[in-house]
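A.B. asks: I'd like to ask you about the structure that follows.
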Amino acid sequence: MADTTTGQSLGAERTTEIQDAYMAMTRTKRMYGGIMLIVFIALMVSGFMLADSRNAGGFWDGILNIFNFPGEVLKEAGEKITLLPALMVKFFPSLVETINIAAASTLIGGLLAIVLSLLSTRGLARFPRLIGVFRRLMDILRAIPEIVVALVLIFVLGGGPVPAMIAIALHTAGALGKLFSEINENASLKPLEGLESTGATWSQRMLLGVVPQVAPNWLSYALLRFEINIRASAILGFVGSGGIGYDLKNAFSWGQGRYDEVAAIFILLFLTIVFFDQLSSHYRNKLVGKA
Amino acid sequence: MTATAETLPITDLKQSATALIGRKRLLAFATPVVIAAYFVYLFFAFDIPGLVDRARMDNAAILVADSYSYKTHVTHDNRGGGLGFAIEGENKGTYPEGMLPEFVTRTGEDAVDIALKAGESATIEGSTLRYTRPDYGTVTVAVEGRDIILDTPDGTVPDWISASGARVNITGAGGRAVVTRARTEVYRYSMGWELFWFTLDSPFYGKSFGELAGLAFSGERVVADKSNLAAMVHDFWNNAMWRHKDVIWAIFETVLMAFLGTMGAALIALPLAFLAARNFTRLMSVRFAVRRFFDFVRGVDGLIWTIILSRAFGPGPMTGALAILITDSGSFGKMFSEALENVDDKQIEGVTSTGAKPLQRYRFGVIPQVTPVFLSQILYYLESNTRSATVIGAITGGGIGLLLTQAIITQKDWEEVSYYIVLVILMVIAMDWFSGWLRGKLIGRSE
């Protein structure tokens, strides 16, 4: 009898102990969460104030004027609405150039990425010792912002689409290379062994053994990248290298009187981005077989 | 009868298999052909043959040479007389009175000996320049009144000298000289980034690392009313040639843009994502409206938002942050709502069975499920936005992007361009590392 009571009280003690420990843990968790929240809010607020003070126009003035420029553009476009279709036809070749830059850089970058990814995947690499070298190479390609390469190449090669294409292609090679090598890691090595037994060379093994396994996933990532690259190629054009971005910059810096052109380019860009967005997500769903 | 019934499907199968293989074979050959045809089209569309003509390889050479070396100008004013010594010929790099570069020896009032590289040397005596190459001899260029007289040992002009009535260029292996009526200039190239630590007017210029360390710990003050270390930091921080202060601020502004933009976008997208998710908002019309809003914000590209915002807010980090914020709130909204649609209902049911109210159901049933997904996406975007902020800074005029475009436009400060490039790459790598570290801390390593 005495034994059971001590047992019961022991059990109750144990429960309260657990309860206390749990409450203590929750409290510390809440405290940490609270501290992190406070730190985060402090960072956001101080960052906001700092950015506001270092900006030419203040935030609160700007927010009131935010619709001025779109308003002017819309007004002028509205007045010259009959000219818009003709302008859109006029800028269509530049749009094609922007899309070409994106497509070419995705293709070139993708092909480079395939080689780099195969060379840097364990089990597939041609030179297993150099895996680290190729991985670092991809890291560096990814880290260099496109604009840096583009601006330097514009100095050497002059304007036009080629600097932008090379810049985006290099970045694409790094970004896709990493994703591709993650896919490659899941590829089965059995077909490779089979091919090796027949005396296939490394490139034959990769082409016949790996590519058929991973091609749909590669393509799906490449399509996503293509979509990103269209945006990038428009932006690089604005900074000084061919395509519709360059036209936009010219029309924009001309100011009032050319806002109909700005509007036409805005519309073209918007439609293009939405179109390729839809297209690529449609094919991506098809490729990776999403139900 | 039965035999034909059995063979028919087999021939069918065989036929379809052959057709499939045929299609695949066609595809395997057609794809490279199509790609090759596209490249041929691009070759002409992008005017690659013309590009070969337009490419300025001399520019490339300047760029490469400038990024690891600098030149010191020794200038004689042929009209008013007087000698000047300046690094890169810039005001900020001019040697103060009484200070000479170590390869120059003054031999008279208006005369110096200049030791160049590769055994070459030059002498300036008034308006007369003597340039000596060890395997050739001495070339004399004299400016007399309106004439420039070139005198070579054998009377002919070698191909490393270009001479006209108004200008003589000498391009040696260890230096260069340019003589015009107005001035005689000798350039000497040296390795490294000039004046990177201290400019010429700083008392610490030209001291080795050991000497500097010694000074830092010695009690003797080089600059009055400041400790040596503080004076060094001050002189480095306010270096007029490299503007370390401005550059570090620019890098910081760029990171600030990425941080404010990404976090702000996440804060805006979070509540909207609930409105766009099928399992949280029963009203079709609300869902549709919010989703179209996301699509619109994403479709109007970051470039257009940047332009619109730079009109309203002017150049600076706030504009860039807002441009990132608007563009990414669309992307975050889409991704967050997809993640919310994929939450497991069982956990919510479990929380409901304990009698939780709707808000508690979200807090304990939904948030713990989606937090890791959201956080990893936010951190991924934070890293990638550091790169975007560089480009946006170049468009709106803020951060390191602005400094980079400015330095490139001058087309001569390539050592600064390479400095900025190195810093940008370090910044991106650091942000990559930081977001990976934070992801590991907050949601644990997944792989």
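Note on naming: chains are A, B, ... as they come in the structure tokens, residues start from 1 per chain, ligands start from 1 in the order shown.
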Dump as a list in words the residues of chain A that approach chain B to within 6 Å, counting only C-alpha atoms.
C.D. replies: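 Within 6 Å of chain B on chain A, we get Ala51, Asp52, Asn55, Ala56, Gly57, Gly62, Asn65, Ile66, Ala143, Ile144, Pro145, Val156, Leu157, Ile235, Phe270, Ile273 and Val274 of chain A.
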A.B. asks: Among region 103-198 of chain A, which residues carry a DSSP assignment of helix (DSSP H, G or I), reported as number ranges by chain?
C.D. replies: A: 103-119, 128-143, 146-157, 161-185, 190-197
A.B. asks: Would you save the residues of that selection, restricted to C-alpha atoms, as a compact mmCIF listing (two decimals), in the first residue's frame?
C.D. replies:
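What follows is the written file part_23.txt:
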# COMPACT_ATOMS: atom_id res chain seq x y z
CA ALA A 103 17.11 31.71 -76.96
CA ALA A 104 20.70 31.67 -78.15
CA SER A 105 22.10 32.21 -74.68
CA THR A 106 19.84 29.50 -73.25
CA LEU A 107 20.98 27.11 -75.97
CA ILE A 108 24.69 27.89 -75.67
CA GLY A 109 24.54 28.09 -71.89
CA GLY A 110 22.52 24.89 -71.74
CA LEU A 111 24.99 22.99 -73.92
CA LEU A 112 27.87 24.28 -71.78
CA ALA A 113 25.92 23.35 -68.67
CA ILE A 114 25.41 19.79 -69.93
CA VAL A 115 29.15 19.32 -70.37
CA LEU A 116 29.97 21.00 -67.06
CA SER A 117 27.32 19.06 -65.16
CA LEU A 118 28.47 15.71 -66.54
CA LEU A 119 32.04 16.57 -65.65
CA PRO A 128 36.91 12.40 -61.14
CA ARG A 129 39.76 14.35 -59.56
CA LEU A 130 38.70 17.56 -61.26
CA ILE A 131 35.09 17.46 -60.00
CA GLY A 132 35.86 20.16 -57.45
CA VAL A 133 37.44 22.37 -60.10
CA PHE A 134 34.40 22.20 -62.37
CA ARG A 135 32.04 22.84 -59.45
CA ARG A 136 33.96 25.95 -58.42
CA LEU A 137 33.97 27.05 -62.05
CA MET A 138 30.17 26.83 -62.10
CA ASP A 139 29.96 28.70 -58.80
CA ILE A 140 32.02 31.54 -60.25
CA LEU A 141 29.97 31.64 -63.46
CA ARG A 142 26.84 31.88 -61.35
CA ALA A 143 28.24 34.54 -59.05
CA GLU A 146 25.39 39.36 -66.17
CA ILE A 147 25.70 43.11 -66.35
CA VAL A 148 29.39 43.03 -65.43
CA VAL A 149 30.28 40.71 -68.29
CA ALA A 150 27.99 42.57 -70.68
CA LEU A 151 29.45 46.00 -69.95
CA VAL A 152 33.04 44.82 -70.26
CA LEU A 153 32.24 43.02 -73.53
CA ILE A 154 30.49 46.10 -74.92
CA PHE A 155 33.75 47.97 -74.45
CA VAL A 156 35.66 45.34 -76.40
CA LEU A 157 33.11 44.17 -78.97
CA PRO A 161 23.33 41.67 -79.24
CA VAL A 162 26.48 39.57 -78.94
CA PRO A 163 27.82 40.94 -75.60
CA ALA A 164 24.44 40.38 -73.97
CA MET A 165 24.23 36.90 -75.44
CA ILE A 166 27.65 35.90 -74.13
CA ALA A 167 26.96 37.41 -70.71
CA ILE A 168 23.65 35.61 -70.28
CA ALA A 169 25.04 32.37 -71.70
CA LEU A 170 27.87 32.31 -69.15
CA HIS A 171 25.49 32.89 -66.28
CA THR A 172 23.09 30.29 -67.65
CA ALA A 173 25.90 27.75 -67.89
CA GLY A 174 26.63 28.17 -64.20
CA ALA A 175 23.02 28.19 -63.05
CA LEU A 176 21.83 25.30 -65.21
CA GLY A 177 25.02 23.33 -64.62
CA LYS A 178 24.26 23.12 -60.93
CA LEU A 179 20.64 22.05 -61.49
CA PHE A 180 21.65 19.56 -64.20
CA SER A 181 24.25 17.93 -62.00
CA GLU A 182 21.61 17.50 -59.27
CA ILE A 183 19.46 15.67 -61.82
CA ASN A 184 22.42 13.61 -63.03
CA GLU A 185 23.01 12.34 -59.54
CA LYS A 190 23.26 0.46 -64.85
CA PRO A 191 22.95 1.53 -68.50
CA LEU A 192 26.42 3.03 -68.17
CA GLU A 193 27.87 -0.25 -66.97
CA GLY A 194 26.18 -2.04 -69.86
CA LEU A 195 27.61 0.42 -72.33
CA GLU A 196 31.04 0.29 -70.75
CA SER A 197 31.09 -3.50 -71.16
A.B. asks: If you count only C-alpha atoms, which residues fall within 12 Å of region 285-287 of chain A, apart from same-chain ones fewer than 2 positions away, as a list in words?
C.D. replies: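 Selected residues are Val214, Ala215, Pro216, Asn217, Trp218, Leu219, Ser220, Tyr221, Ala222, Leu223, Leu224, Gln278, Leu279, Ser280, Ser281, His282, Tyr283, Gly289, Lys290 and Ala291 of chain A.
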A.B. asks: Residues of the last selection are to be written out with C-alpha atoms, as a PDB file, in the first residue's frame.
C.D. replies:
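Saved to result-v7.pdb:
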ATOM      1  CA  VAL A 214      17.678  12.944 -67.781  1.00  0.00           C
ATOM      2  CA  ALA A 215      16.749  14.850 -70.948  1.00  0.00           C
ATOM      3  CA  PRO A 216      13.131  15.653 -69.930  1.00  0.00           C
ATOM      4  CA  ASN A 217      14.220  17.152 -66.624  1.00  0.00           C
ATOM      5  CA  TRP A 218      17.039  19.055 -68.294  1.00  0.00           C
ATOM      6  CA  LEU A 219      14.618  20.458 -70.827  1.00  0.00           C
ATOM      7  CA  SER A 220      12.193  21.478 -68.140  1.00  0.00           C
ATOM      8  CA  TYR A 221      14.849  23.476 -66.290  1.00  0.00           C
ATOM      9  CA  ALA A 222      16.122  24.938 -69.559  1.00  0.00           C
ATOM     10  CA  LEU A 223      12.617  26.185 -70.396  1.00  0.00           C
ATOM     11  CA  LEU A 224      12.351  27.866 -67.011  1.00  0.00           C
ATOM     12  CA  GLN A 278       2.468  30.242 -70.166  1.00  0.00           C
ATOM     13  CA  LEU A 279       4.239  28.335 -72.931  1.00  0.00           C
ATOM     14  CA  SER A 280       7.094  27.206 -70.745  1.00  0.00           C
ATOM     15  CA  SER A 281       4.884  26.206 -67.822  1.00  0.00           C
ATOM     16  CA  HIS A 282       2.663  24.220 -70.201  1.00  0.00           C
ATOM     17  CA  TYR A 283       5.577  22.274 -71.655  1.00  0.00           C
ATOM     18  CA  GLY A 289       4.500  14.534 -66.215  1.00  0.00           C
ATOM     19  CA  LYS A 290       2.693  16.511 -63.554  1.00  0.00           C
ATOM     20  CA  ALA A 291      -0.746  15.030 -63.015  1.00  0.00           C
TER      21      ALA A 291
END
A.B. asks: Which polymer residues have any atom within 6 Å of an atom of Leu129 (chain B), counting only C-alpha atoms, with same-chain residues fewer than 3 positions away left out, as a ChimeraX atom specification?
C.D. replies: /B:123-124,140-141
A.B. asks: Would you write out those residues with N, CA, C and O atoms, as a PDB file, in the first residue's frame?
C.D. replies:
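Result went into result_3.pdb, see below:
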ATOM      1  N   THR B 123      65.640  60.678 -70.679  1.00  0.00           N
ATOM      2  CA  THR B 123      66.108  61.893 -70.036  1.00  0.00           C
ATOM      3  C   THR B 123      65.316  63.060 -70.580  1.00  0.00           C
ATOM      4  O   THR B 123      65.109  63.166 -71.794  1.00  0.00           O
ATOM      5  N   ILE B 124      64.848  63.881 -69.694  1.00  0.00           N
ATOM      6  CA  ILE B 124      64.190  65.113 -70.138  1.00  0.00           C
ATOM      7  C   ILE B 124      65.069  66.271 -69.710  1.00  0.00           C
ATOM      8  O   ILE B 124      65.458  66.369 -68.548  1.00  0.00           O
ATOM      9  N   THR B 140      66.523  61.103 -80.009  1.00  0.00           N
ATOM     10  CA  THR B 140      66.384  62.443 -79.437  1.00  0.00           C
ATOM     11  C   THR B 140      65.196  63.139 -80.096  1.00  0.00           C
ATOM     12  O   THR B 140      65.087  63.146 -81.323  1.00  0.00           O
ATOM     13  N   VAL B 141      64.324  63.654 -79.270  1.00  0.00           N
ATOM     14  CA  VAL B 141      63.189  64.434 -79.783  1.00  0.00           C
ATOM     15  C   VAL B 141      63.269  65.806 -79.131  1.00  0.00           C
ATOM     16  O   VAL B 141      63.258  65.916 -77.909  1.00  0.00           O
TER      17      VAL B 141
END
A.B. asks: Have a look at CA of Glu97 (chain B) and CA of Asp225 (chain B) and let me know their distance in Å, one decimal.
C.D. replies: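 For CA of Glu97 (chain B) relative to CA of Asp225 (chain B), the distance reads 25.2 Å.
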A.B. asks: Find the distance between CA of Ala234 (chain A) and CA of Phe294 (chain B) and write it in Å to one decimal.
C.D. replies: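 Here the two named atoms are 20.6 Å from each other.
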A.B. asks: Please report the interatomic distance between CA of Arg181 (chain B) and CA of Asp159 (chain B) in Å with one decimal.
C.D. replies: 21.9 Å
A.B. asks: Skipping near chain neighbours, those fewer than 4 positions away, what residues fall within 12 Å of His244 (chain B) using only C-alpha atoms, listed as a list in words?
C.D. replies: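 Answer for this query is Leu195, Phe196, Trp197, Phe198, Thr199, Val233, His234, Asp235, Phe236, Trp237, Asn238, Asn239, Ala240, Ile248, Trp249, Ala250, Ile251, Ile400, Leu403, Glu416, Tyr419, Tyr420 and Leu423 of chain B.
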A.B. asks: Name all residues at most 10 Å from Ile265 (chain A) (count only C-alpha atoms; drop same-chain ones fewer than 4 positions away) and give them as a PDB file with C-alpha atoms, in the first residue's frame.
C.D. replies:
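Written output follows (result.pdb):
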ATOM      1  CA  LEU A  84       0.021  52.093 -81.324  1.00  0.00           C
ATOM      2  CA  LEU A  87       4.569  51.345 -83.363  1.00  0.00           C
ATOM      3  CA  MET A  88       4.251  47.789 -82.178  1.00  0.00           C
ATOM      4  CA  LYS A  90       7.993  49.026 -85.763  1.00  0.00           C
ATOM      5  CA  PHE A  91       9.487  47.606 -82.567  1.00  0.00           C
ATOM      6  CA  PHE A  92       8.756  44.001 -83.428  1.00  0.00           C
ATOM      7  CA  SER A  94      13.846  44.545 -81.698  1.00  0.00           C
ATOM      8  CA  LEU A  95      11.591  42.229 -79.773  1.00  0.00           C
ATOM      9  CA  ILE A 244      13.909  46.030 -77.176  1.00  0.00           C
ATOM     10  CA  GLY A 245      15.470  47.273 -73.949  1.00  0.00           C
ATOM     11  CA  ASP A 247      14.640  51.062 -77.788  1.00  0.00           C
ATOM     12  CA  LEU A 248      12.848  51.454 -74.494  1.00  0.00           C
ATOM     13  CA  ALA A 251      12.116  56.361 -76.018  1.00  0.00           C
ATOM     14  CA  TYR A 259       5.550  58.106 -74.437  1.00  0.00           C
ATOM     15  CA  ASP A 260       3.415  56.395 -77.058  1.00  0.00           C
ATOM     16  CA  GLU A 261       6.532  54.438 -77.979  1.00  0.00           C
ATOM     17  CA  LEU A 269       7.190  43.227 -73.366  1.00  0.00           C
ATOM     18  CA  PHE A 270       4.250  42.355 -71.157  1.00  0.00           C
ATOM     19  CA  LEU A 271       2.615  40.180 -73.822  1.00  0.00           C
TER      20      LEU A 271
ATOM     21  CA  ILE B 304       9.332  48.227 -66.326  1.00  0.00           C
TER      22      ILE B 304
END
